[in-house]
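Okay, entry.cif now, which holds mmCIF, C-alpha atoms:
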```
data_protein
#
loop_
_atom_site.label_atom_id
_atom_site.label_comp_id
_atom_site.auth_asym_id
_atom_site.auth_seq_id
_atom_site.Cartn_x
_atom_site.Cartn_y
_atom_site.Cartn_z
CA MET A 1 0.00 0.00 0.00
CA GLY A 2 1.65 3.24 -1.11
CA TYR A 3 1.02 6.47 0.70
CA LYS A 4 1.51 9.85 -0.87
CA ILE A 5 3.64 12.23 1.14
CA ILE A 6 2.12 15.67 1.02
CA GLU A 7 4.20 18.66 2.08
CA ALA A 8 2.27 21.10 4.26
CA ALA A 9 4.55 24.00 3.34
CA SER A 10 5.89 24.98 -0.03
CA ARG A 11 9.61 24.70 -0.77
CA GLU A 12 9.90 28.51 -0.71
CA ARG A 13 8.26 28.68 2.72
CA ARG A 14 10.56 25.96 4.11
CA ASP A 15 13.59 27.75 2.67
CA TYR A 16 12.43 31.02 4.26
CA ILE A 17 11.96 29.40 7.68
CA ASN A 18 15.33 27.63 7.43
CA SER A 19 17.05 30.93 6.58
CA ILE A 20 15.47 32.57 9.64
CA ILE A 21 16.55 29.68 11.87
CA GLU A 22 20.11 29.74 10.51
CA GLY A 23 20.34 33.48 11.27
CA MET A 24 19.12 33.25 14.87
CA ALA A 25 21.49 34.36 17.61
CA PHE A 26 21.31 34.18 21.41
CA THR A 27 22.67 36.16 24.34
CA LYS A 28 22.57 34.64 27.82
CA ASN A 29 21.58 36.77 30.78
CA PHE A 30 22.15 35.30 34.26
CA ARG A 31 18.86 35.18 36.13
CA SER A 32 19.36 33.01 39.25
CA MET A 33 20.97 29.79 40.44
CA THR A 34 18.13 27.71 38.96
CA ALA A 35 17.10 29.80 35.95
CA GLU A 36 18.61 31.25 32.80
CA GLU A 37 17.31 33.97 30.54
CA TRP A 38 18.30 34.01 26.89
CA TYR A 39 17.58 36.88 24.50
CA VAL A 40 16.64 35.57 21.07
CA PHE A 41 17.62 37.58 18.01
CA ILE A 42 15.67 36.64 14.90
CA PRO A 43 16.56 38.16 11.50
CA GLY A 44 13.89 40.62 10.37
CA PHE A 45 12.15 40.77 13.76
CA ASN A 46 12.79 42.84 16.90
CA ASP A 47 11.24 44.36 20.00
CA PRO A 48 9.36 47.45 18.77
CA HIS A 49 10.11 49.40 21.97
CA THR A 50 13.85 48.79 22.22
CA GLY A 51 14.80 47.63 18.74
CA GLY A 52 16.58 44.70 20.40
CA ALA A 53 15.85 41.00 20.66
CA ALA A 54 12.62 39.72 19.15
CA GLY A 55 12.03 37.54 22.20
CA LYS A 56 13.42 35.79 25.21
CA ALA A 57 13.54 32.27 26.55
CA ILE A 58 13.47 31.65 30.30
CA ILE A 59 14.69 28.23 31.36
CA HIS A 60 13.87 27.19 34.91
CA TYR A 61 15.51 24.04 36.18
CA ASN A 62 13.28 22.11 38.59
CA LEU A 63 15.97 19.97 40.20
CA ILE A 64 14.12 18.83 43.31
CA GLY A 65 14.86 15.11 43.32
CA ASN A 66 16.39 13.31 40.40
CA ARG A 67 13.66 10.93 39.31
CA ASP A 68 11.17 13.21 37.54
CA ILE A 69 13.08 16.22 36.32
CA PHE A 70 11.42 18.60 33.91
CA ILE A 71 12.90 21.78 32.61
CA ASN A 72 10.25 24.49 32.48
CA THR A 73 10.80 26.78 29.51
CA THR A 74 8.89 29.93 28.64
CA ILE A 75 9.44 31.68 25.32
CA ILE A 76 8.06 35.20 24.95
CA PHE A 77 8.04 36.86 21.54
CA ASP A 78 7.90 40.65 21.77
CA ASP A 79 7.64 41.46 18.07
CA PRO A 80 3.93 41.85 17.23
CA GLN A 81 4.57 40.50 13.72
CA LEU A 82 5.18 37.09 15.34
CA HIS A 83 1.73 37.28 16.95
CA ALA A 84 -0.05 37.15 13.58
CA GLY A 85 -1.73 33.82 12.87
CA LYS A 86 -0.23 33.62 9.38
CA LEU A 87 3.22 33.11 10.97
CA HIS A 88 2.25 30.15 13.18
CA ASP A 89 4.58 27.82 11.25
CA LEU A 90 7.51 30.20 11.76
CA VAL A 91 6.80 30.63 15.48
CA TYR A 92 6.52 26.87 15.95
CA SER A 93 9.73 26.18 14.01
CA VAL A 94 11.71 28.90 15.80
CA SER A 95 10.45 27.74 19.21
CA ASP A 96 11.36 24.15 18.42
CA GLU A 97 14.86 25.23 17.39
CA ILE A 98 15.26 27.28 20.58
CA ILE A 99 14.43 24.18 22.63
CA ASN A 100 16.86 22.06 20.59
CA ARG A 101 19.72 24.55 20.93
CA ILE A 102 19.33 25.71 24.52
CA VAL A 103 17.67 22.84 26.38
CA GLY A 104 18.69 19.89 24.21
CA TYR A 105 17.13 16.51 24.76
CA ALA A 106 15.99 17.00 28.35
CA ASP A 107 12.34 16.49 29.32
CA THR A 108 10.84 19.93 28.91
CA LEU A 109 7.55 21.67 29.57
CA LEU A 110 7.22 24.53 27.07
CA SER A 111 5.00 27.58 27.11
CA VAL A 112 5.17 29.93 24.12
CA HIS A 113 3.66 33.42 24.40
CA ALA A 114 3.14 34.89 20.94
CA GLY A 115 -0.35 36.39 20.83
CA GLU A 116 -2.52 34.33 18.50
CA ASN A 117 0.33 31.82 18.08
CA SER A 118 0.66 30.97 21.79
CA TYR A 119 0.76 27.31 22.69
CA GLN A 120 2.03 24.77 25.24
CA ALA A 121 3.97 21.59 24.55
CA GLU A 122 5.80 18.78 26.32
CA TYR A 123 9.08 17.33 25.10
CA LYS A 124 9.87 13.83 26.42
CA GLN A 125 12.87 11.64 25.68
#
```
Could you render the structure from this file as structure tokens?
Amino acid sequence: MGYKIIEAASRERRDYINSIIEGMAFTKNFRSMTAEEWYVFIPGFNDPHTGGAAGKAIIHYNLIGNRDIFINTTIIFDDPQLHAGKLHDLVYSVSDEIINRIVGYADTLLSVHAGENSYQAEYKQ
């Protein structure tokens, strides 16, 4: 039985998203002994008030006990362009890449705040 593979995004859209992801940069800001704050710079997007980072990722390590450890991650996008529903695929892809680069393969609870594109997810090994 053969199944057709249907691409949800066009090749141009995938190339655009990949170029955005390749151009992302991060700056770490110390927050506390159990949390990190990373500023996320995304090409073509920025904070409209400061002109700086388009968003930030806050990683909170819940290290009480060593059996069930989850890393709680909150990503906040400040650029209102990223709040538009038409960019949901970009927001999802960028958020996924942020988790891959900063948190890695750890079990993670994710909360993304991006207006209409806000969502929650769980990453498990």
Quick one: apply the PyMOL selection byres ((chain A and resi 88) around 12) to the file and drop the selected residues here as a list of chain:residue names.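 The output of the PyMOL selection byres ((chain A and resi 88) around 12) on this file is A:Ala9, A:Ile17, A:Gln81, A:Leu82, A:His83, A:Ala84, A:Gly85, A:Lys86, A:Leu87, A:Asp89, A:Leu90, A:Val91, A:Tyr92, A:Ser93, A:Val94, A:Ser95, A:Val112, A:His113, A:Ala114, A:Gly115, A:Glu116, A:Asn117, A:Ser118, A:Tyr119.
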Calculated over all atoms listed in the file, which of the candidates A:Ala35, A:Ile102, A:Asp96, A:Tyr61 has the smallest distance to A:Tyr123?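 For A:Tyr123, the nearest of the candidates is A:Asp96.
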Which residues come within 7 Å of A:Glu122, counting all atoms listed in the file, excluding same-chain residues fewer than 4 positions away, as a list of chain:residue names?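 Result of the neighbour search: A:Thr108, A:Leu109, A:Leu110.
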With distances taken over all atoms listed in the file, which of A:Pro48, A:Val103, A:Ala57, A:Pro80 is nearest to A:Lys28?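 Residue with the minimum atom-to-atom distance to A:Lys28: A:Ala57.
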Tell me which of A:Ile71, A:Ile99, A:Ala106, A:Ile59 sits closest to A:Glu36, counting only C-alpha atoms.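 Among the listed residues, A:Ile59 lies closest to A:Glu36.
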Which one of A:Arg11, A:Ile58, A:Phe45, A:Gly52 sits closest to A:Arg31 if you count all atoms listed in the file?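 Residue with the minimum atom-to-atom distance to A:Arg31: A:Ile58.
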What is the distance between atom CA of A:Asp47 and atom CA of A:Asp79, in Å to one decimal?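 We find that atom CA of A:Asp47 and atom CA of A:Asp79 lie 5.0 Å from each other.
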For atom CA of A:Phe30 and atom CA of A:Lys56, quote the distance in Å rounded to one decimal.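 These two atoms are separated by 12.6 Å.
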With all atoms listed in the file as the basis for distance, which of A:Asp78, A:Glu37, A:Asp15, A:Glu97 is at the shortest distance from A:His49?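 Of the candidates, the smallest distance to A:His49 is held by A:Asp78.
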To one decimal in Å, tell me the separation between atom CA of A:Met24 and atom CA of A:Trp38.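 Computing it gives 12.1 Å between the two atoms.
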Box time for stretch 13-21 of chain A: axis-aligned, enclosing all its listed atoms, 4 Å extra on each side; report centre and edge lengths in Å to one decimal, as AutoDock Vina command-line options.
```
--center_x 12.7 --center_y 29.3 --center_z 7.3 --size_x 16.8 --size_y 14.6 --size_z 17.2
```
With N, CA and C atoms as the goal, would you fill in the gaps in stretch 14-49 of chain A and present it as an mmCIF file, in the frame of the given file?
```
data_model
loop_
_atom_site.group_PDB
_atom_site.id
_atom_site.type_symbol
_atom_site.label_atom_id
_atom_site.label_comp_id
_atom_site.auth_asym_id
_atom_site.auth_seq_id
_atom_site.Cartn_x
_atom_site.Cartn_y
_atom_site.Cartn_z
ATOM 1 N N ARG A 14 9.572 26.709 3.318
ATOM 2 C CA ARG A 14 10.560 25.960 4.110
ATOM 3 C C ARG A 14 11.927 26.611 4.033
ATOM 4 N N ASP A 15 12.305 27.072 2.836
ATOM 5 C CA ASP A 15 13.590 27.750 2.670
ATOM 6 C C ASP A 15 13.633 29.045 3.476
ATOM 7 N N TYR A 16 12.516 29.780 3.481
ATOM 8 C CA TYR A 16 12.430 31.020 4.260
ATOM 9 C C TYR A 16 12.598 30.730 5.750
ATOM 10 N N ILE A 17 11.871 29.748 6.258
ATOM 11 C CA ILE A 17 11.960 29.400 7.680
ATOM 12 C C ILE A 17 13.363 28.919 8.024
ATOM 13 N N ASN A 18 13.960 28.104 7.172
ATOM 14 C CA ASN A 18 15.330 27.630 7.430
ATOM 15 C C ASN A 18 16.322 28.783 7.441
ATOM 16 N N SER A 19 16.137 29.782 6.583
ATOM 17 C CA SER A 19 17.050 30.930 6.580
ATOM 18 C C SER A 19 16.900 31.747 7.871
ATOM 19 N N ILE A 20 15.702 31.863 8.372
ATOM 20 C CA ILE A 20 15.470 32.570 9.640
ATOM 21 C C ILE A 20 16.147 31.804 10.774
ATOM 22 N N ILE A 21 15.961 30.496 10.813
ATOM 23 C CA ILE A 21 16.550 29.680 11.870
ATOM 24 C C ILE A 21 18.075 29.732 11.828
ATOM 25 N N GLU A 22 18.651 29.682 10.642
ATOM 26 C CA GLU A 22 20.110 29.740 10.510
ATOM 27 C C GLU A 22 20.668 31.083 10.984
ATOM 28 N N GLY A 23 19.886 32.145 10.872
ATOM 29 C CA GLY A 23 20.340 33.480 11.270
ATOM 30 C C GLY A 23 20.077 33.833 12.717
ATOM 31 N N MET A 24 19.420 32.948 13.465
ATOM 32 C CA MET A 24 19.120 33.250 14.870
ATOM 33 C C MET A 24 20.396 33.335 15.694
ATOM 34 N N ALA A 25 20.364 34.223 16.688
ATOM 35 C CA ALA A 25 21.490 34.360 17.610
ATOM 36 C C ALA A 25 20.917 34.497 19.024
ATOM 37 N N PHE A 26 21.750 34.177 20.013
ATOM 38 C CA PHE A 26 21.310 34.180 21.410
ATOM 39 C C PHE A 26 22.323 34.927 22.268
ATOM 40 N N THR A 27 21.824 35.563 23.312
ATOM 41 C CA THR A 27 22.670 36.160 24.340
ATOM 42 C C THR A 27 22.126 35.702 25.682
ATOM 43 N N LYS A 28 22.997 35.151 26.516
ATOM 44 C CA LYS A 28 22.570 34.640 27.820
ATOM 45 C C LYS A 28 22.669 35.746 28.864
ATOM 46 N N ASN A 29 21.634 35.824 29.674
ATOM 47 C CA ASN A 29 21.580 36.770 30.780
ATOM 48 C C ASN A 29 21.366 35.955 32.047
ATOM 49 N N PHE A 30 22.288 36.047 33.002
ATOM 50 C CA PHE A 30 22.150 35.300 34.260
ATOM 51 C C PHE A 30 20.899 35.762 34.980
ATOM 52 N N ARG A 31 20.096 34.840 35.447
ATOM 53 C CA ARG A 31 18.860 35.180 36.130
ATOM 54 C C ARG A 31 18.912 34.756 37.593
ATOM 55 N N SER A 32 19.242 33.498 37.871
ATOM 56 C CA SER A 32 19.360 33.010 39.250
ATOM 57 C C SER A 32 20.125 31.688 39.213
ATOM 58 N N MET A 33 20.259 31.057 40.364
ATOM 59 C CA MET A 33 20.970 29.790 40.440
ATOM 60 C C MET A 33 20.221 28.657 39.714
ATOM 61 N N THR A 34 18.913 28.788 39.584
ATOM 62 C CA THR A 34 18.130 27.710 38.960
ATOM 63 C C THR A 34 17.444 28.144 37.673
ATOM 64 N N ALA A 35 17.761 29.321 37.162
ATOM 65 C CA ALA A 35 17.100 29.800 35.950
ATOM 66 C C ALA A 35 18.074 30.581 35.072
ATOM 67 N N GLU A 36 17.848 30.488 33.777
ATOM 68 C CA GLU A 36 18.610 31.250 32.800
ATOM 69 C C GLU A 36 17.632 32.045 31.954
ATOM 70 N N GLU A 37 18.100 33.169 31.469
ATOM 71 C CA GLU A 37 17.310 33.970 30.540
ATOM 72 C C GLU A 37 18.154 34.191 29.295
ATOM 73 N N TRP A 38 17.597 33.863 28.162
ATOM 74 C CA TRP A 38 18.300 34.010 26.890
ATOM 75 C C TRP A 38 17.520 34.996 26.024
ATOM 76 N N TYR A 39 18.205 35.998 25.480
ATOM 77 C CA TYR A 39 17.580 36.880 24.500
ATOM 78 C C TYR A 39 17.741 36.241 23.141
ATOM 79 N N VAL A 40 16.663 36.235 22.367
ATOM 80 C CA VAL A 40 16.640 35.570 21.070
ATOM 81 C C VAL A 40 16.548 36.632 19.973
ATOM 82 N N PHE A 41 17.570 36.654 19.133
ATOM 83 C CA PHE A 41 17.620 37.580 18.010
ATOM 84 C C PHE A 41 17.245 36.829 16.743
ATOM 85 N N ILE A 42 16.203 37.303 16.076
ATOM 86 C CA ILE A 42 15.670 36.640 14.900
ATOM 87 C C ILE A 42 15.754 37.620 13.729
ATOM 88 N N PRO A 43 16.405 37.248 12.635
ATOM 89 C CA PRO A 43 16.560 38.160 11.500
ATOM 90 C C PRO A 43 15.208 38.685 11.000
ATOM 91 N N GLY A 44 15.107 39.999 10.881
ATOM 92 C CA GLY A 44 13.890 40.620 10.370
ATOM 93 C C GLY A 44 12.841 40.917 11.432
ATOM 94 N N PHE A 45 13.103 40.535 12.687
ATOM 95 C CA PHE A 45 12.150 40.770 13.760
ATOM 96 C C PHE A 45 12.889 41.388 14.954
ATOM 97 N N ASN A 46 12.189 42.257 15.699
ATOM 98 C CA ASN A 46 12.790 42.840 16.900
ATOM 99 C C ASN A 46 11.714 43.373 17.837
ATOM 100 N N ASP A 47 12.138 43.752 19.024
ATOM 101 C CA ASP A 47 11.240 44.360 20.000
ATOM 102 C C ASP A 47 10.940 45.778 19.518
ATOM 103 N N PRO A 48 9.673 46.124 19.307
ATOM 104 C CA PRO A 48 9.360 47.450 18.770
ATOM 105 C C PRO A 48 9.718 48.601 19.711
ATOM 106 N N HIS A 49 9.812 48.334 21.002
ATOM 107 C CA HIS A 49 10.110 49.400 21.970
ATOM 108 C C HIS A 49 11.598 49.662 22.093
#
```
